[in-house]
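Asker: I have a structure I would like to understand better, so I am pasting it below and will then ask my questions one at a time.
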Amino acid sequence: MIQKVSNPGRTPFTTRVGRWSANHPWLAITAWLCFVVASVIGGSLVGTVHATPQNSLHGELARADRIEQAGAFPESPAAESVLITARAGDLDLQRAQAVAIDLSARMRGLPEVAKLAEPVTSPNGDAVLVEVEIAGSANDADARVGPLLEATALAQQRYPDLRVEQVGSASLGKALTETLAADFVRAELISVPAALVILLFSFGALIAAGVPVVLALSAVAGAMGLAQFASHLFPAGEMVNSIILLIGMAVGVDYSLFYLRREREERARGRDHRSAVEIAAATSGHAVLVSGVAVMVAMASLFLVGDNTFSSMATGSILVVGVAVVGSLTVLPAILVGLGRWVDRLRVPFLGRRVQGAQRSRFWAAILRPALRAPLITLVISVGALVIVAIPALDMNLKKPTTTDLPRSIPILRTFDRLAQAFPSNDLGTSHVVAVRTNAAGGPALERELAELSRRITGDTRFAQDRPPTVRRSADGTVFLATVHVAGATDSSEATQSLQRLRGELLPQTVGAVADTQWAVAGRTASDADFRDRMAAALPLVVAFVLAVTFLIMLVTFRSVVVALTSILLNTISVAASYGLLVLVFQHTWAEDLLGFTSNGAVVSWLPLMLFVILFGLSMDYHVFVVSRIREAVQRGVPTRQAIEQGIVSSASTVSSAAIIMVAVFCVFATLSIVEFKQLGVGLAAAILIDATVIRAVVLPSLMRLLGEANWWAPRFLSGRRGITVTPGDGGADTQVIMAVVDR
């Protein structure tokens with residue numbers, strides 16, 4: 001039984017914050033603007049520390065790096081390759097050699113060029129290659145490769161009958177950076193207007209629709225500035241800004257939408273602006289705080305992986321969600337009070353006078369009817385359908401994307417393909433780096449064993465036969481670096497099998513036979529294989545952490561063991577279904593033309609872990625919001641069955657609008673060039689769509705209907721927790737907080 005008890009002395013935190021902002025609107029708005037500006041300017045001043053490959057080394061890769069560092073080898077320069085081929089038919093080798101000599105003469109005078117190799121003809125005579133070393137450090141070579149690209153472009157203009165093109169680590173990095181930057185701008189240009197249009201349909205007024213978008217953009221800007229500070233602790237990965245934009249636009253708009261819709265709803269009931277703001281702060285503000293904490297805690301689980309890529313993404317996500325929560329609880333009430341009735345101005349024709357009364361929605365009442373009338377059948381059918389969708393996830397194949405998975409719409413990647421075809425063992429091809437360290441006396445023996453290793457590789461088709469392994473020796477003769485070239489691409493079966501043979505057979509039988517010797521295999525194939533193993537080891541730990549912490553948050557919030565358990569169950573079903581859809585879309589070829597990608601038969605290896613964490617956090621938005629409305633009705637004395645209908649129907653239009661915005665933002669990322677972003681966008685969009693429709697409108701009500709009063713069960717030590725409802729104030733107060741005590 002639920003009793004109502006007045007407890008005016010205990011005002012919720014979100015109400016106190018909202019009341020202060022409402023009473024000091026211009027101070028709150030000014031403080032927010034100062035915070036955002038200071039974050040952006042301060043971040044620009046301190047700069048960003050970008051992640052390097054060494055930031056994410058573990059296990060055998062870290063051992064290989066330590067061995068290499070012990071050898072004190074000079075830094076390998078960045079290498080570029082100029083490829084000369086025929087546009088059609090057979091290549092005129094004499095003319096191609098002349099072009100190569102002319103280009104070499106022009107490049108030799110550039111200060112950015114450290115060394116030029118003699119032109120080399122491909123084994124089958126269809127290409128000529130000029131290899132160039134860039135002066136200076138390889139870490140920032142992409143900033144100095146421009147003059148070389150200009151020289152190559154000039155040669156192409158002089159010899160239009162041939163194809164003269166350049167590719168290398170620096171030029172490839174430069175091209176990908178430019179592509180990512182263009183994608184990032186495109187995502188902003190599409191996602192912001194899309195969110196604004198959806199909000200226009202939701203609110204029917206331009207100012208009301210613009211408030212959540214402006215607040216979300218300011219949260220994203222502030223978080224990006226703070227992320228630059230944070231990069232000095234956790235170096236920034238290449239995806240951190242994209243993650244901030246993706247998560248920031250989604251939660252920033254959602255949180256403001258929840259708050260604004262509740263404030264509007266209370267004004268429609270006759271409340272004045274301040275009363276409506278305080279009620280929104282106590283209800284929707286509380287839901288925003290809980291869901292925001294849930295997202296941040298879920299994202300914090302990524303630190304358990306111990307990988308800088310995940311730590312960087314976790315840092316960016318936590319910052320943008322935290323900033324969005326603070327903005328929703330502080331500056332949003334101030335904006336609403338400052339605008340007053342102006343918030344409903346600039347109405348859209350035919351929509352302007354429509355204040356959505358979701359609690360009277362016949363559509364959602366009809367959707368709920370089967371779940372309330374036949375809950376068991378509805379639950380079995382809906383969960384069964386989601387399980388069927390999730391089944392393909394059992395065949396999920398994980399792979400870390402390589403250069404071969406990048407879109408060939410980027411011109412330099414077509415050059416990369418032609419280079420790999422003409423010169424399979426070129427430095428841009430696949431290679432294993434074997435790092436070996438011995439004592440001073442073991443050097444000669446180690447050299448003999450490395451020669452034996454080279455002999456054993458000869459004739460093995462899994463290794464490249466057009467270039468033997470190359471060996472570098474440290475000055476003291478104790479450290480050796482052997483580069484072993486592979487016939488196939490980084491992710492090919494040849495590369496994987498050659499790695500397994502190196503680690504499991506060839507190296508133990510050769511260099512491993514030398515006493516007091518350490519060895520390790522590095523390289524892209526080794527990195528990908530070890531990364532997959534690390535993800536498989538980290539996933540159970542992260543899942544356990546997220547489930548345990550989510551359970552505790554929901555338990556503390558609703559003081560119900562059943563609500564906490566069902567929250568975990570429903571979110572797990574939603575994530576599993578999104579995994580299944582991800583496999584269906586990306587491991588097969590039917591969606592290639594639709595989404596503009598070429599399937600590699602796999603899902604990005606880091607995505608399941610990242611997707612699980614993000615979705616478990618974001619799903620809390622809707623779950624907390626919907627269950628809070630149901631609980632409010634129960635606390636008013638409404639029977640549980642009727643409270644389920646009231647709570648879901650009254651929140652349905654808000655949840656729908658929020659979900660449509662999230663799905664729209666995530667779908668924008670599905671249109672970007674890089675396959676990681678496509679998979680992340682599709683996975684998030686599918687999960688949010690499933691969560692906001694099937695889970696919240698069908699599975700949740702049918703499950704709660706079956707459980708009845710058992711939904712609110714909790715041990716005795718939790719039973720005295722006071723929940724919150726809000727009623728109109730009296731005696732001069734704007735609002736009065738009515739505390740509900742659950743008496744079991």
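Going through the structure tokens in order, the chains are called A, B, and so on, while each chain numbers its residues from 1 and the ligands are numbered from 1 in the order shown.
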If we count only C-alpha atoms, what is near segment 507-514 of chain A at a cut-off of 9 Å, once residues fewer than 2 positions away on the same chain are taken out, given as a PyMOL selection string?
Answerer: chain A and resi 434+436+438+442+445-450+452-453+501-505+516-520
Asker: From the DSSP assignment of the backbone, select every residue of segment 467-593 of chain A that is strand (DSSP E or B), and format the answer as a ChimeraX atom specification.
Answerer: /A:470-473,479-486,518-522
Asker: Between A:Val668, A:Ile101, A:Leu618, A:Met535, which one has atoms that come closest to His58 of chain A, using only C-alpha atoms?
Answerer: A:Met535
Asker: Which neighbours of Pro701 of chain A fall inside 8 Å, counting only C-alpha atoms, when residues of the same chain fewer than 4 positions from it are skipped, and could you give them as a PyMOL selection string?
Answerer: chain A and resi 368+371-372+375+644-645+648+696-697+705
Asker: Using only C-alpha atoms, which residues sit within 12 Å of Ala537 of chain A once same-chain residues fewer than 6 positions away are excluded, as number ranges by chain?
Answerer: A: 304-306, 530-531, 543, 609
Asker: Convert the current residue selection to file output with N, CA, C and O atoms, as a compact mmCIF listing (two decimals), in the first residue's frame.
Answerer:
```
# COMPACT_ATOMS: atom_id res chain seq x y z
N LEU A 304 38.26 -0.50 -17.89
CA LEU A 304 38.69 -1.83 -17.47
C LEU A 304 39.41 -2.59 -18.58
O LEU A 304 40.14 -3.54 -18.31
N VAL A 305 39.20 -2.17 -19.82
CA VAL A 305 39.85 -2.85 -20.94
C VAL A 305 41.35 -2.63 -20.91
O VAL A 305 42.14 -3.48 -21.32
N GLY A 306 41.77 -1.47 -20.37
CA GLY A 306 43.19 -1.17 -20.31
C GLY A 306 43.79 -0.81 -21.65
O GLY A 306 44.99 -0.94 -21.86
N ASP A 530 45.98 -10.09 -31.64
CA ASP A 530 46.08 -9.87 -30.20
C ASP A 530 44.94 -8.99 -29.69
O ASP A 530 44.46 -9.17 -28.58
N PHE A 531 44.51 -8.02 -30.52
CA PHE A 531 43.40 -7.14 -30.13
C PHE A 531 42.11 -7.94 -29.97
O PHE A 531 41.37 -7.75 -29.01
N VAL A 543 31.01 -6.53 -19.12
CA VAL A 543 29.58 -6.87 -19.02
C VAL A 543 29.17 -7.02 -17.56
O VAL A 543 28.14 -6.50 -17.13
N LEU A 609 31.77 -4.63 -27.83
CA LEU A 609 32.03 -4.12 -26.49
C LEU A 609 31.54 -2.68 -26.36
O LEU A 609 30.83 -2.33 -25.41
```
Asker: For each of A:Arg106, A:Arg267, A:His432, A:His50, take the minimum atom-to-atom distance to Asp528 of chain A, counting only C-alpha atoms, then give the residue where this is smallest.
Answerer: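 Going through A:Arg106, A:Arg267, A:His432, A:His50 one by one, the smallest distance to Asp528 of chain A is for A:His432.
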Asker: Quick one: residues within 7 Å of segment 570-574 of chain A, only C-alpha atoms counted, chain neighbours fewer than 5 positions away excluded, as a PyMOL selection string?
Answerer: chain A and resi 616+619+687+690-691+695
Asker: Could you pull the residues within 8 Å of Asp254 of chain A, counting only C-alpha atoms, minus those fewer than 5 positions along the same chain, as a list in words?
Answerer: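 Neighbouring residues, sequence-local ones excluded: Pro212, Ala658, Ile661 and Met662 of chain A.
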Asker: Measuring between only C-alpha atoms, which one of A:Ala38, A:Val699, A:Leu413, A:Ala522 shows the shortest distance to Pro370 of chain A?
Answerer: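 Looking only at the distances to Pro370 of chain A, the closest residue turns out to be A:Val699.
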Asker: Residues at most 12 Å from Gly316 of chain A, counting only C-alpha atoms, excluding those fewer than 4 positions away in the same chain, as a PyMOL selection string?
Answerer: chain A and resi 219-231+234-248+296+299-300+302+309-312+320-323
Asker: Keeping only N, CA and C atoms, take the residues you just selected and write them out as a compact mmCIF listing (two decimals), in the first residue's frame.
Answerer:
```
# COMPACT_ATOMS: atom_id res chain seq x y z
N ALA A 219 26.77 21.83 -25.31
CA ALA A 219 27.35 20.74 -24.51
C ALA A 219 28.45 20.03 -25.29
N VAL A 220 28.24 19.81 -26.58
CA VAL A 220 29.26 19.17 -27.42
C VAL A 220 30.51 20.05 -27.49
N ALA A 221 30.32 21.36 -27.69
CA ALA A 221 31.46 22.27 -27.77
C ALA A 221 32.24 22.28 -26.46
N GLY A 222 31.52 22.38 -25.34
CA GLY A 222 32.19 22.39 -24.04
C GLY A 222 32.93 21.09 -23.78
N ALA A 223 32.31 19.97 -24.13
CA ALA A 223 32.95 18.67 -23.89
C ALA A 223 34.19 18.50 -24.75
N MET A 224 34.16 18.99 -26.00
CA MET A 224 35.34 18.89 -26.85
C MET A 224 36.49 19.71 -26.28
N GLY A 225 36.18 20.86 -25.71
CA GLY A 225 37.22 21.64 -25.06
C GLY A 225 37.80 20.92 -23.85
N LEU A 226 36.92 20.35 -23.02
CA LEU A 226 37.39 19.60 -21.85
C LEU A 226 38.18 18.36 -22.26
N ALA A 227 37.78 17.75 -23.39
CA ALA A 227 38.49 16.55 -23.85
C ALA A 227 39.94 16.86 -24.20
N GLN A 228 40.21 18.10 -24.61
CA GLN A 228 41.60 18.47 -24.90
C GLN A 228 42.42 18.50 -23.62
N PHE A 229 41.80 18.96 -22.52
CA PHE A 229 42.49 18.87 -21.23
C PHE A 229 42.70 17.41 -20.85
N ALA A 230 41.65 16.60 -21.01
CA ALA A 230 41.71 15.20 -20.60
C ALA A 230 42.72 14.41 -21.42
N SER A 231 43.01 14.86 -22.65
CA SER A 231 43.94 14.12 -23.49
C SER A 231 45.35 14.09 -22.91
N PHE A 234 44.68 10.88 -20.85
CA PHE A 234 44.34 9.78 -21.75
C PHE A 234 44.45 10.31 -23.17
N PRO A 235 45.57 10.05 -23.84
CA PRO A 235 45.77 10.60 -25.19
C PRO A 235 44.57 10.34 -26.09
N ALA A 236 44.21 11.34 -26.88
CA ALA A 236 43.00 11.29 -27.69
C ALA A 236 43.16 10.37 -28.88
N GLY A 237 42.22 9.43 -29.03
CA GLY A 237 42.19 8.59 -30.22
C GLY A 237 41.53 9.33 -31.36
N GLU A 238 41.61 8.75 -32.55
CA GLU A 238 41.11 9.44 -33.74
C GLU A 238 39.59 9.54 -33.76
N MET A 239 38.88 8.74 -32.93
CA MET A 239 37.42 8.73 -32.97
C MET A 239 36.78 9.55 -31.85
N VAL A 240 37.59 10.16 -30.97
CA VAL A 240 37.01 10.75 -29.77
C VAL A 240 36.04 11.89 -30.10
N ASN A 241 36.39 12.78 -31.04
CA ASN A 241 35.49 13.88 -31.38
C ASN A 241 34.20 13.38 -32.03
N SER A 242 34.31 12.32 -32.83
CA SER A 242 33.11 11.75 -33.44
C SER A 242 32.20 11.15 -32.38
N ILE A 243 32.78 10.49 -31.40
CA ILE A 243 31.99 9.92 -30.31
C ILE A 243 31.31 11.02 -29.51
N ILE A 244 32.04 12.11 -29.24
CA ILE A 244 31.46 13.23 -28.49
C ILE A 244 30.27 13.81 -29.24
N LEU A 245 30.42 14.00 -30.56
CA LEU A 245 29.32 14.53 -31.35
C LEU A 245 28.14 13.56 -31.37
N LEU A 246 28.43 12.29 -31.58
CA LEU A 246 27.39 11.26 -31.67
C LEU A 246 26.60 11.17 -30.38
N ILE A 247 27.29 11.00 -29.26
CA ILE A 247 26.62 10.85 -27.97
C ILE A 247 26.05 12.18 -27.50
N GLY A 248 26.80 13.26 -27.72
CA GLY A 248 26.36 14.56 -27.23
C GLY A 248 25.08 15.04 -27.86
N MET A 296 27.20 7.49 -17.76
CA MET A 296 28.59 7.76 -17.42
C MET A 296 29.25 6.56 -16.73
N MET A 299 29.89 3.90 -19.34
CA MET A 299 31.04 4.24 -20.16
C MET A 299 32.35 4.08 -19.38
N ALA A 300 32.30 4.28 -18.07
CA ALA A 300 33.51 4.14 -17.26
C ALA A 300 34.02 2.70 -17.27
N LEU A 302 34.69 1.01 -19.71
CA LEU A 302 35.68 0.85 -20.78
C LEU A 302 37.11 1.02 -20.27
N THR A 309 42.56 3.31 -26.70
CA THR A 309 41.45 3.62 -27.61
C THR A 309 40.14 3.69 -26.85
N PHE A 310 39.90 2.70 -26.00
CA PHE A 310 38.66 2.67 -25.23
C PHE A 310 38.66 3.71 -24.13
N SER A 311 39.81 3.92 -23.50
CA SER A 311 39.90 4.94 -22.45
C SER A 311 39.60 6.32 -23.02
N SER A 312 40.09 6.59 -24.22
CA SER A 312 39.84 7.87 -24.87
C SER A 312 38.36 8.05 -25.18
N VAL A 320 30.91 14.49 -22.27
CA VAL A 320 29.78 15.11 -22.96
C VAL A 320 28.47 14.80 -22.26
N VAL A 321 28.32 13.60 -21.71
CA VAL A 321 27.10 13.28 -20.97
C VAL A 321 27.02 14.11 -19.70
N GLY A 322 28.15 14.22 -19.00
CA GLY A 322 28.16 15.02 -17.78
C GLY A 322 27.82 16.48 -18.05
N VAL A 323 28.40 17.03 -19.10
CA VAL A 323 28.11 18.43 -19.46
C VAL A 323 26.64 18.58 -19.85
```
Asker: Between A:Val297, A:Ala420, A:Leu581, A:Ile377, which is the closest to Ser122 of chain A once you count only C-alpha atoms?
Answerer: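 Residue with the minimum atom-to-atom distance to Ser122 of chain A: A:Ala420.
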Asker: I'd like to know which of A:Gln97, A:Thr671, A:Ser301, A:Gln166 is closest to Arg414 of chain A, using only C-alpha atoms.
Answerer: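 Result for the nearest residue to Arg414 of chain A: A:Gln166.
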Asker: So which one's closest to Ala664 of chain A, A:Ile457, A:Ala526, A:Ala710, A:Ala195? Using only C-alpha atoms, please.
Answerer: A:Ala195
Asker: Rounded to one decimal in Å, what is the spacing between atom CA of Asp161 of chain A and atom CA of Glu131 of chain A?
Answerer: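 It comes out at 21.6 Å.
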Asker: Could you jot down the atom CA of Val213 of chain A to atom CA of Ala181 of chain A separation for me, Å, one decimal place?
Answerer: 21.7 Å
Asker: For atom CA of Ala464 of chain A and atom CA of Thr483 of chain A, quote the distance in Å rounded to one decimal.
Answerer: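 Distance between the two atoms: 11.3 Å.
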